Amino acid sequence: MAETSQKAAVSPKTQKIFGSWAGMLAACLIACFLWGSAFPCVKIGYAFFGIAASDTASIIMFAGVRFTLAGLLVVAALSIARHKPFLPEKRDLKVIGILSLFQTILQYLFFYVGLAHATGVTSSIIEATNTFFSVLLAALVFRNERLTTRKVLGCIVGFAGVALVDLAGQTGAGFTFTLAGEGLVLASTIAAATSSNLAKRFSEEHDPVLLSAWQFVFGGLVMLIVGAVAGGHVAPAPASDPVASNLLLLYLAFISAAAYSLWSVALACNPLSRVAVFGFMNPVFGVILSALLLNEGSVLDPATAIISLVLVSAGIIIVNRPAEEPKPAKA
């Protein structure tokens, strides 16, 4: 039954393209590269808009503006491409609200508030457990897939690559954990993993790109309002070029729009575990691009970067290699 409903939500052409190994690989790597570029670009954006790392309200409001724009970009692009408004139907509204709650509102509110009370390294490592939680929830809660030794091993190998790249160059930075800091970052990670499973399930009967776009609009507006009520402020700093500042904000919106759209389609056309494991590439791309764009080359030496990439790639290959267990018969 799920297979029939999925075909109604994802066209046969889309399934053929993104359901193939090459299509899934391209979609996931492009999405992860875009998300990786967000790490340095967000830092640059904070400088352009004069937002201090301790100004949580303005950070939440900045994210709200970014995500609202991201959703509107997808809506505008698809409306033009399809020659009609890209609007949700009544049956989509509840699903959009639920997905937005986990994918945007809870995930980022928990993350930004927690990050203000946690160390960056610890937060990065905790955030990388998103893949573990996605696979575990898929098997134990949503029951979309079986939890196999191969999937667990692939996640462990991939996580080792992420931990290596996050810990590189860090001296004397012990692993700390507080409920108000790392605890909220962990809650953010669980919300993100839940959203991946929800997106996978909802895409069986709803357009995954439509859900991605409108959950951004709704969730972004909520975050914008929360940030504003908390005293946040988003405007280019007096010393910044307003054109460059707004173009960067537009690019950050494009990152979210394009990356989540590709990721949502990949989830709709493939088993969740095969897609989720690519998430280990995000921090690796983030560190490499930060070294290039922020002159943080001293943070990570080339040898460590190569080893990390090898481990992450190995984890992806282990999870995505042909399964040895017999597949359940489906019509």
# chains A, B, ... in the order shown; residues from 1 in each chain; ligands from 1
>>> residues_around(residues="Phe280 of chain A", least_positions_apart="3", cutoff="10 Å", atoms="only C-alpha atoms", output="PyMOL selection string")
chain A and resi 32+127-131+155+157-163+276-277+283-285+309+311-313+315-316
>>> write_last_selection(atoms="N, CA and C atoms", output="compact mmCIF listing (two decimals), in the first residue's frame")
# COMPACT_ATOMS: atom_id res chain seq x y z
N CYS A 32 24.75 18.02 0.95
CA CYS A 32 25.73 18.09 2.05
C CYS A 32 26.77 19.17 1.80
N GLU A 127 25.81 16.69 17.45
CA GLU A 127 24.99 16.89 16.26
C GLU A 127 25.21 15.79 15.23
N ALA A 128 26.43 15.24 15.20
CA ALA A 128 26.75 14.19 14.23
C ALA A 128 26.03 12.88 14.55
N THR A 129 25.48 12.76 15.76
CA THR A 129 24.73 11.54 16.10
C THR A 129 23.35 11.52 15.44
N ASN A 130 23.02 12.57 14.71
CA ASN A 130 21.75 12.64 13.98
C ASN A 130 21.52 11.38 13.15
N THR A 131 22.59 10.92 12.48
CA THR A 131 22.46 9.73 11.63
C THR A 131 22.09 8.51 12.45
N CYS A 155 27.44 3.36 10.41
CA CYS A 155 27.25 4.58 11.21
C CYS A 155 28.43 4.82 12.15
N VAL A 157 31.59 3.79 11.75
CA VAL A 157 32.76 4.19 10.97
C VAL A 157 32.62 5.64 10.51
N GLY A 158 31.43 6.01 10.03
CA GLY A 158 31.20 7.38 9.59
C GLY A 158 31.32 8.37 10.74
N PHE A 159 30.78 8.00 11.90
CA PHE A 159 30.85 8.87 13.07
C PHE A 159 32.31 9.07 13.50
N ALA A 160 33.12 8.03 13.37
CA ALA A 160 34.55 8.15 13.72
C ALA A 160 35.21 9.22 12.86
N GLY A 161 34.84 9.28 11.58
CA GLY A 161 35.39 10.31 10.70
C GLY A 161 34.98 11.70 11.14
N VAL A 162 33.71 11.85 11.55
CA VAL A 162 33.23 13.16 12.02
C VAL A 162 33.91 13.55 13.33
N ALA A 163 34.02 12.61 14.27
CA ALA A 163 34.66 12.90 15.55
C ALA A 163 36.11 13.31 15.34
N ALA A 276 20.42 8.90 5.10
CA ALA A 276 20.83 9.54 6.35
C ALA A 276 22.33 9.48 6.57
N VAL A 277 22.98 8.39 6.18
CA VAL A 277 24.41 8.23 6.44
C VAL A 277 25.24 9.29 5.73
N PRO A 283 29.68 18.00 8.39
CA PRO A 283 30.76 18.66 9.13
C PRO A 283 32.10 18.57 8.41
N VAL A 284 32.32 17.52 7.64
CA VAL A 284 33.59 17.41 6.89
C VAL A 284 33.67 18.52 5.85
N PHE A 285 32.60 18.69 5.07
CA PHE A 285 32.56 19.79 4.11
C PHE A 285 32.66 21.12 4.85
N LEU A 309 37.75 11.94 5.62
CA LEU A 309 36.96 11.69 4.42
C LEU A 309 36.91 10.20 4.08
N LEU A 311 37.12 7.68 6.23
CA LEU A 311 36.24 7.02 7.20
C LEU A 311 34.77 7.29 6.89
N VAL A 312 34.45 8.55 6.60
CA VAL A 312 33.08 8.90 6.29
C VAL A 312 32.62 8.19 5.02
N SER A 313 33.48 8.18 4.00
CA SER A 313 33.15 7.51 2.74
C SER A 313 32.96 6.01 2.96
N GLY A 315 31.97 4.57 5.72
CA GLY A 315 30.69 4.38 6.39
C GLY A 315 29.53 4.44 5.42
N ILE A 316 29.58 5.38 4.47
CA ILE A 316 28.53 5.51 3.46
C ILE A 316 28.47 4.26 2.59
>>> closest_atom_pairs(of="segment 108-215 of chain A", to="segment 76-83 of chain A", cutoff="12 Å", atoms="only C-alpha atoms", output="Markdown table")
| residue | atom | partner | partner_atom | distance |
| --- | --- | --- | --- | --- |
| A:Val209 | CA | A:Leu78 | CA | 9.3 |
| A:Leu210 | CA | A:Leu78 | CA | 9.0 |
| A:Ala213 | CA | A:Leu78 | CA | 9.9 |
| A:Trp214 | CA | A:Ala76 | CA | 11.4 |
>>> write_last_selection(atoms="all heavy atoms", output="PDB file, in the first residue's frame")
ATOM      1  N   VAL A 209       8.700  18.047  -1.924  1.00  0.00           N
ATOM      2  CA  VAL A 209       9.227  19.398  -2.118  1.00  0.00           C
ATOM      3  C   VAL A 209       8.240  20.435  -1.584  1.00  0.00           C
ATOM      4  O   VAL A 209       8.633  21.429  -0.975  1.00  0.00           O
ATOM      5  CB  VAL A 209       9.533  19.661  -3.608  1.00  0.00           C
ATOM      6  CG1 VAL A 209      10.034  21.091  -3.811  1.00  0.00           C
ATOM      7  CG2 VAL A 209      10.580  18.668  -4.116  1.00  0.00           C
ATOM      8  N   LEU A 210       6.954  20.193  -1.791  1.00  0.00           N
ATOM      9  CA  LEU A 210       5.945  21.109  -1.255  1.00  0.00           C
ATOM     10  C   LEU A 210       6.006  21.137   0.268  1.00  0.00           C
ATOM     11  O   LEU A 210       5.949  22.211   0.881  1.00  0.00           O
ATOM     12  CB  LEU A 210       4.554  20.686  -1.731  1.00  0.00           C
ATOM     13  CG  LEU A 210       3.398  21.591  -1.282  1.00  0.00           C
ATOM     14  CD1 LEU A 210       2.383  21.789  -2.397  1.00  0.00           C
ATOM     15  CD2 LEU A 210       2.687  21.009  -0.050  1.00  0.00           C
ATOM     16  N   ALA A 213       9.130  23.080   1.375  1.00  0.00           N
ATOM     17  CA  ALA A 213       9.013  24.520   1.178  1.00  0.00           C
ATOM     18  C   ALA A 213       8.112  25.177   2.213  1.00  0.00           C
ATOM     19  O   ALA A 213       8.494  26.156   2.872  1.00  0.00           O
ATOM     20  CB  ALA A 213       8.491  24.802  -0.230  1.00  0.00           C
ATOM     21  N   TRP A 214       6.917  24.620   2.389  1.00  0.00           N
ATOM     22  CA  TRP A 214       5.951  25.279   3.263  1.00  0.00           C
ATOM     23  C   TRP A 214       6.242  25.072   4.743  1.00  0.00           C
ATOM     24  O   TRP A 214       5.877  25.918   5.579  1.00  0.00           O
ATOM     25  CB  TRP A 214       4.541  24.838   2.905  1.00  0.00           C
ATOM     26  CG  TRP A 214       4.074  25.554   1.664  1.00  0.00           C
ATOM     27  CD1 TRP A 214       4.040  25.077   0.397  1.00  0.00           C
ATOM     28  CD2 TRP A 214       3.633  26.916   1.594  1.00  0.00           C
ATOM     29  NE1 TRP A 214       3.610  26.050  -0.481  1.00  0.00           N
ATOM     30  CE2 TRP A 214       3.339  27.183   0.233  1.00  0.00           C
ATOM     31  CE3 TRP A 214       3.443  27.927   2.533  1.00  0.00           C
ATOM     32  CZ2 TRP A 214       2.875  28.431  -0.196  1.00  0.00           C
ATOM     33  CZ3 TRP A 214       2.987  29.170   2.102  1.00  0.00           C
ATOM     34  CH2 TRP A 214       2.696  29.406   0.757  1.00  0.00           C
TER      35      TRP A 214
END
>>> residues_around(residues="Tyr251 of chain A", least_positions_apart="4", cutoff="12 Å", atoms="only C-alpha atoms", output="short mmCIF file (atom, residue, chain, number, x, y, z; two decimals) with N, CA and C atoms, in the first residue's frame")
data_model
loop_
_atom_site.label_atom_id
_atom_site.label_comp_id
_atom_site.auth_asym_id
_atom_site.auth_seq_id
_atom_site.Cartn_x
_atom_site.Cartn_y
_atom_site.Cartn_z
N LEU A 34 26.23 21.95 0.13
CA LEU A 34 25.54 23.21 0.41
C LEU A 34 25.44 23.45 1.91
N TRP A 35 25.02 22.41 2.66
CA TRP A 35 24.94 22.56 4.11
C TRP A 35 26.32 22.83 4.70
N SER A 37 28.70 24.45 3.29
CA SER A 37 29.05 25.85 3.01
C SER A 37 28.31 26.81 3.94
N ALA A 38 27.22 26.32 4.55
CA ALA A 38 26.48 27.18 5.48
C ALA A 38 27.29 27.49 6.73
N CYS A 41 29.50 30.46 5.97
CA CYS A 41 28.66 31.57 5.51
C CYS A 41 27.82 32.16 6.64
N VAL A 42 27.37 31.32 7.55
CA VAL A 42 26.62 31.82 8.71
C VAL A 42 27.53 32.69 9.57
N ILE A 44 30.12 34.40 8.55
CA ILE A 44 30.30 35.65 7.81
C ILE A 44 29.03 36.50 7.94
N GLY A 45 27.86 35.83 7.88
CA GLY A 45 26.60 36.55 8.00
C GLY A 45 26.46 37.23 9.35
N ARG A 66 16.02 33.71 7.34
CA ARG A 66 16.65 32.82 6.35
C ARG A 66 15.71 31.70 5.93
N PHE A 67 15.07 31.03 6.88
CA PHE A 67 14.23 29.89 6.54
C PHE A 67 12.93 30.32 5.85
N LEU A 69 12.63 32.92 3.89
CA LEU A 69 13.06 33.20 2.52
C LEU A 69 13.30 31.91 1.74
N ALA A 70 13.87 30.90 2.41
CA ALA A 70 14.14 29.62 1.75
C ALA A 70 12.85 29.00 1.23
N LEU A 73 11.46 31.01 -1.70
CA LEU A 73 12.22 30.78 -2.93
C LEU A 73 11.72 29.55 -3.67
N ALA A 244 25.96 43.45 -0.11
CA ALA A 244 26.67 42.19 0.13
C ALA A 244 26.01 41.41 1.26
N SER A 245 25.57 42.12 2.30
CA SER A 245 24.94 41.46 3.45
C SER A 245 23.65 40.76 3.03
N ASN A 246 22.81 41.45 2.27
CA ASN A 246 21.54 40.87 1.85
C ASN A 246 21.73 39.77 0.81
N LEU A 247 22.75 39.88 -0.03
CA LEU A 247 23.04 38.81 -0.99
C LEU A 247 23.49 37.54 -0.26
N ILE A 255 20.68 27.97 0.12
CA ILE A 255 21.26 26.73 0.65
C ILE A 255 20.17 25.85 1.24
N SER A 256 19.37 26.43 2.12
CA SER A 256 18.31 25.66 2.77
C SER A 256 17.28 25.17 1.76
N ALA A 257 16.89 26.05 0.85
CA ALA A 257 15.87 25.70 -0.14
C ALA A 257 16.32 24.54 -1.01
N ALA A 258 17.52 24.66 -1.58
CA ALA A 258 18.01 23.64 -2.50
C ALA A 258 18.38 22.35 -1.78
N ALA A 259 19.10 22.48 -0.66
CA ALA A 259 19.58 21.29 0.05
C ALA A 259 18.42 20.45 0.59
#
>>> residues_around(residues="Gln103 of chain A", least_positions_apart="3", cutoff="7 Å", atoms="only C-alpha atoms", output="list in words")
Leu99, Ser100, Leu106, Gln107, Ala191, Ala192 and Ser195 of chain A
>>> closest_residue(among="A:Thr104, A:Ser261, A:Asn282, A:Thr14", to="Val165 of chain A", atoms="only C-alpha atoms")
A:Asn282
>>> residues_around(residues="Ala63 of chain A", least_positions_apart="5", cutoff="12 Å", atoms="only C-alpha atoms", output="number ranges by chain")
A: 38, 42, 45-46, 51, 56-58, 68-70, 104-105, 107-109, 111-112, 216-217, 219-228, 232-234, 249-250, 252-253, 256
>>> write_last_selection(atoms="C-alpha atoms", output="tab-separated table (two decimals), in the first residue's frame")
chain	number	residue	atom	x	y	z
A	38	ALA	CA	26.48	27.18	5.48
A	42	VAL	CA	26.62	31.82	8.71
A	45	GLY	CA	26.60	36.55	8.00
A	46	TYR	CA	26.79	37.19	11.74
A	51	ILE	CA	25.21	39.59	15.57
A	56	THR	CA	20.63	34.20	20.95
A	57	ALA	CA	17.48	36.23	20.18
A	58	SER	CA	19.03	37.84	17.10
A	68	THR	CA	11.19	31.96	5.58
A	69	LEU	CA	13.06	33.20	2.52
A	70	ALA	CA	14.14	29.62	1.75
A	104	THR	CA	12.62	23.75	11.83
A	105	ILE	CA	11.10	25.05	15.06
A	107	GLN	CA	15.47	21.57	15.92
A	108	TYR	CA	16.82	25.10	15.59
A	109	LEU	CA	15.39	26.64	18.75
A	111	PHE	CA	20.19	24.07	18.86
A	112	TYR	CA	20.73	27.83	19.09
A	216	PHE	CA	10.17	26.37	6.05
A	217	VAL	CA	7.72	29.24	5.54
A	219	GLY	CA	8.66	27.37	10.83
A	220	GLY	CA	10.70	30.37	9.70
A	221	LEU	CA	7.89	32.77	10.57
A	222	VAL	CA	7.54	31.20	14.03
A	223	MET	CA	11.28	31.58	14.66
A	224	LEU	CA	11.26	35.13	13.33
A	225	ILE	CA	8.45	36.06	15.73
A	226	VAL	CA	10.10	34.27	18.68
A	227	GLY	CA	13.39	36.06	18.00
A	228	ALA	CA	11.69	39.45	17.66
A	232	GLY	CA	16.34	40.16	18.50
A	233	HIS	CA	17.38	42.51	15.72
A	234	VAL	CA	18.35	41.72	12.11
A	249	LEU	CA	21.40	36.17	3.44
A	250	LEU	CA	19.75	35.28	0.12
A	252	LEU	CA	21.91	31.17	2.92
A	253	ALA	CA	18.21	30.94	2.08
A	256	SER	CA	18.31	25.66	2.77
>>> atom_distance(atom1="atom CA of Val74 of chain A", atom2="atom CA of Leu294 of chain A")
28.9 Å
>>> closest_residue(among="A:Ile59, A:Ala47, A:His206, A:Ala291", to="Gly231 of chain A", atoms="only C-alpha atoms")
A:Ile59
>>> select_by_dssp(residues="segment 67-209 of chain A", states="helix (DSSP H, G or I)", output="PDB file with C-alpha atoms, in the first residue's frame")
ATOM      1  CA  PHE A  67      14.234  29.887   6.541  1.00  0.00           C
ATOM      2  CA  THR A  68      11.189  31.956   5.584  1.00  0.00           C
ATOM      3  CA  LEU A  69      13.062  33.197   2.518  1.00  0.00           C
ATOM      4  CA  ALA A  70      14.140  29.622   1.751  1.00  0.00           C
ATOM      5  CA  GLY A  71      10.551  28.413   1.665  1.00  0.00           C
ATOM      6  CA  LEU A  72       9.404  31.375  -0.423  1.00  0.00           C
ATOM      7  CA  LEU A  73      12.219  30.778  -2.929  1.00  0.00           C
ATOM      8  CA  VAL A  74      11.018  27.226  -3.541  1.00  0.00           C
ATOM      9  CA  VAL A  75       7.382  28.327  -3.750  1.00  0.00           C
ATOM     10  CA  ALA A  76       8.237  31.080  -6.261  1.00  0.00           C
ATOM     11  CA  ALA A  77      10.474  28.821  -8.373  1.00  0.00           C
ATOM     12  CA  LEU A  78       7.947  25.976  -8.547  1.00  0.00           C
ATOM     13  CA  SER A  79       5.051  28.358  -9.198  1.00  0.00           C
ATOM     14  CA  ILE A  80       6.915  29.733 -12.222  1.00  0.00           C
ATOM     15  CA  ALA A  81       8.019  26.291 -13.421  1.00  0.00           C
ATOM     16  CA  ARG A  82       4.536  24.790 -13.127  1.00  0.00           C
ATOM     17  CA  LYS A  90      -6.133  21.387   2.899  1.00  0.00           C
ATOM     18  CA  ARG A  91      -4.908  17.817   3.480  1.00  0.00           C
ATOM     19  CA  ASP A  92      -1.288  19.040   3.488  1.00  0.00           C
ATOM     20  CA  LEU A  93      -1.680  21.622   6.250  1.00  0.00           C
ATOM     21  CA  LYS A  94      -1.596  19.320   9.281  1.00  0.00           C
ATOM     22  CA  VAL A  95       1.386  17.428   7.867  1.00  0.00           C
ATOM     23  CA  ILE A  96       3.240  20.689   7.163  1.00  0.00           C
ATOM     24  CA  GLY A  97       2.608  21.839  10.748  1.00  0.00           C
ATOM     25  CA  ILE A  98       3.919  18.591  12.257  1.00  0.00           C
ATOM     26  CA  LEU A  99       6.986  18.483   9.996  1.00  0.00           C
ATOM     27  CA  SER A 100       7.755  22.149  10.625  1.00  0.00           C
ATOM     28  CA  LEU A 101       7.557  21.622  14.393  1.00  0.00           C
ATOM     29  CA  PHE A 102      10.369  19.047  14.315  1.00  0.00           C
ATOM     30  CA  GLN A 103      12.398  20.022  11.246  1.00  0.00           C
ATOM     31  CA  THR A 104      12.624  23.755  11.831  1.00  0.00           C
ATOM     32  CA  ILE A 105      11.100  25.051  15.064  1.00  0.00           C
ATOM     33  CA  LEU A 106      12.257  22.538  17.698  1.00  0.00           C
ATOM     34  CA  GLN A 107      15.468  21.574  15.919  1.00  0.00           C
ATOM     35  CA  TYR A 108      16.821  25.102  15.592  1.00  0.00           C
ATOM     36  CA  LEU A 109      15.388  26.640  18.751  1.00  0.00           C
ATOM     37  CA  PHE A 110      16.936  23.835  20.813  1.00  0.00           C
ATOM     38  CA  PHE A 111      20.187  24.068  18.860  1.00  0.00           C
ATOM     39  CA  TYR A 112      20.731  27.827  19.091  1.00  0.00           C
ATOM     40  CA  VAL A 113      19.719  28.088  22.749  1.00  0.00           C
ATOM     41  CA  GLY A 114      21.829  25.030  23.637  1.00  0.00           C
ATOM     42  CA  LEU A 115      24.815  26.227  21.636  1.00  0.00           C
ATOM     43  CA  GLY A 120      31.425  24.138  19.896  1.00  0.00           C
ATOM     44  CA  VAL A 121      33.363  20.866  19.656  1.00  0.00           C
ATOM     45  CA  THR A 122      31.021  18.935  21.929  1.00  0.00           C
ATOM     46  CA  SER A 123      27.999  20.336  20.086  1.00  0.00           C
ATOM     47  CA  SER A 124      29.422  19.309  16.709  1.00  0.00           C
ATOM     48  CA  ILE A 125      30.026  15.759  17.880  1.00  0.00           C
ATOM     49  CA  ILE A 126      26.553  15.501  19.442  1.00  0.00           C
ATOM     50  CA  GLU A 127      24.985  16.889  16.262  1.00  0.00           C
ATOM     51  CA  ASN A 130      21.753  12.641  13.984  1.00  0.00           C
ATOM     52  CA  THR A 131      22.459   9.734  11.631  1.00  0.00           C
ATOM     53  CA  PHE A 132      22.433   7.205  14.491  1.00  0.00           C
ATOM     54  CA  PHE A 133      19.111   8.516  15.783  1.00  0.00           C
ATOM     55  CA  SER A 134      17.608   8.603  12.273  1.00  0.00           C
ATOM     56  CA  VAL A 135      18.468   4.942  11.677  1.00  0.00           C
ATOM     57  CA  LEU A 136      17.403   3.864  15.181  1.00  0.00           C
ATOM     58  CA  LEU A 137      14.074   5.685  14.963  1.00  0.00           C
ATOM     59  CA  ALA A 138      13.436   4.246  11.500  1.00  0.00           C
ATOM     60  CA  ALA A 139      13.884   0.719  12.867  1.00  0.00           C
ATOM     61  CA  LEU A 140      12.530   0.922  16.421  1.00  0.00           C
ATOM     62  CA  THR A 149      24.810  -5.012  11.798  1.00  0.00           C
ATOM     63  CA  ARG A 150      25.842  -3.477   8.480  1.00  0.00           C
ATOM     64  CA  LYS A 151      23.937  -0.251   9.173  1.00  0.00           C
ATOM     65  CA  VAL A 152      25.276   0.049  12.718  1.00  0.00           C
ATOM     66  CA  LEU A 153      28.860  -0.607  11.572  1.00  0.00           C
ATOM     67  CA  GLY A 154      28.557   1.969   8.772  1.00  0.00           C
ATOM     68  CA  CYS A 155      27.250   4.580  11.210  1.00  0.00           C
ATOM     69  CA  ILE A 156      30.086   3.896  13.666  1.00  0.00           C
ATOM     70  CA  VAL A 157      32.758   4.193  10.967  1.00  0.00           C
ATOM     71  CA  GLY A 158      31.197   7.385   9.593  1.00  0.00           C
ATOM     72  CA  PHE A 159      30.854   8.872  13.069  1.00  0.00           C
ATOM     73  CA  ALA A 160      34.547   8.146  13.717  1.00  0.00           C
ATOM     74  CA  GLY A 161      35.388  10.314  10.704  1.00  0.00           C
ATOM     75  CA  VAL A 162      33.231  13.159  12.020  1.00  0.00           C
ATOM     76  CA  ALA A 163      34.661  12.898  15.548  1.00  0.00           C
ATOM     77  CA  LEU A 164      38.177  12.994  14.097  1.00  0.00           C
ATOM     78  CA  VAL A 165      37.538  16.153  12.090  1.00  0.00           C
ATOM     79  CA  ASP A 166      35.778  17.855  15.033  1.00  0.00           C
ATOM     80  CA  LEU A 167      38.482  17.008  17.570  1.00  0.00           C
ATOM     81  CA  LEU A 179      21.108  20.000  30.330  1.00  0.00           C
ATOM     82  CA  ALA A 180      20.875  23.689  29.362  1.00  0.00           C
ATOM     83  CA  GLY A 181      23.728  23.336  26.870  1.00  0.00           C
ATOM     84  CA  GLU A 182      24.652  19.999  25.360  1.00  0.00           C
ATOM     85  CA  GLY A 183      21.322  18.562  26.543  1.00  0.00           C
ATOM     86  CA  LEU A 184      19.398  20.963  24.298  1.00  0.00           C
ATOM     87  CA  VAL A 185      21.797  20.283  21.414  1.00  0.00           C
ATOM     88  CA  LEU A 186      21.024  16.579  21.866  1.00  0.00           C
ATOM     89  CA  ALA A 187      17.285  17.372  21.867  1.00  0.00           C
ATOM     90  CA  SER A 188      17.842  19.310  18.641  1.00  0.00           C
ATOM     91  CA  THR A 189      19.532  16.283  17.107  1.00  0.00           C
ATOM     92  CA  ILE A 190      16.653  13.994  18.089  1.00  0.00           C
ATOM     93  CA  ALA A 191      14.180  16.496  16.603  1.00  0.00           C
ATOM     94  CA  ALA A 192      16.173  16.493  13.352  1.00  0.00           C
ATOM     95  CA  ALA A 193      16.237  12.689  13.222  1.00  0.00           C
ATOM     96  CA  THR A 194      12.498  12.586  13.905  1.00  0.00           C
ATOM     97  CA  SER A 195      11.894  15.070  11.077  1.00  0.00           C
ATOM     98  CA  SER A 196      13.804  12.846   8.629  1.00  0.00           C
ATOM     99  CA  ASN A 197      11.587   9.895   9.493  1.00  0.00           C
ATOM    100  CA  LEU A 198       8.456  12.032   9.299  1.00  0.00           C
ATOM    101  CA  ALA A 199       9.526  13.434   5.921  1.00  0.00           C
ATOM    102  CA  LYS A 200      10.077   9.887   4.672  1.00  0.00           C
ATOM    103  CA  ARG A 201       6.640   8.741   5.861  1.00  0.00           C
ATOM    104  CA  PHE A 202       4.749  11.858   4.723  1.00  0.00           C
ATOM    105  CA  PRO A 208       8.068  16.100  -0.564  1.00  0.00           C
ATOM    106  CA  VAL A 209       9.227  19.398  -2.118  1.00  0.00           C
TER     107      VAL A 209
END
>>> residues_around(residues="segment 264-271 of chain A", least_positions_apart="6", cutoff="6 Å", atoms="only C-alpha atoms", output="CSV table (one decimal) with C-alpha atoms, in the first residue's frame")
chain,number,residue,atom,x,y,z
A,15,GLN,CA,11.7,7.9,-8.8
A,18,PHE,CA,16.7,9.8,-7.6
A,19,GLY,CA,16.0,6.2,-6.8
A,24,MET,CA,20.9,9.5,-4.9
A,200,LYS,CA,10.1,9.9,4.7
A,203,SER,CA,6.3,11.7,1.3
A,208,PRO,CA,8.1,16.1,-0.6
>>> atom_distance(atom1="atom CA of Pro302 of chain A", atom2="atom CA of Ala314 of chain A")
18.2 Å
>>> atom_distance(atom1="atom CA of Ala53 of chain A", atom2="atom CA of Ala116 of chain A")
7.4 Å
>>> closest_residue(among="A:Leu248, A:Trp263, A:Thr304, A:Leu272", to="Phe33 of chain A", atoms="only C-alpha atoms")
A:Trp263
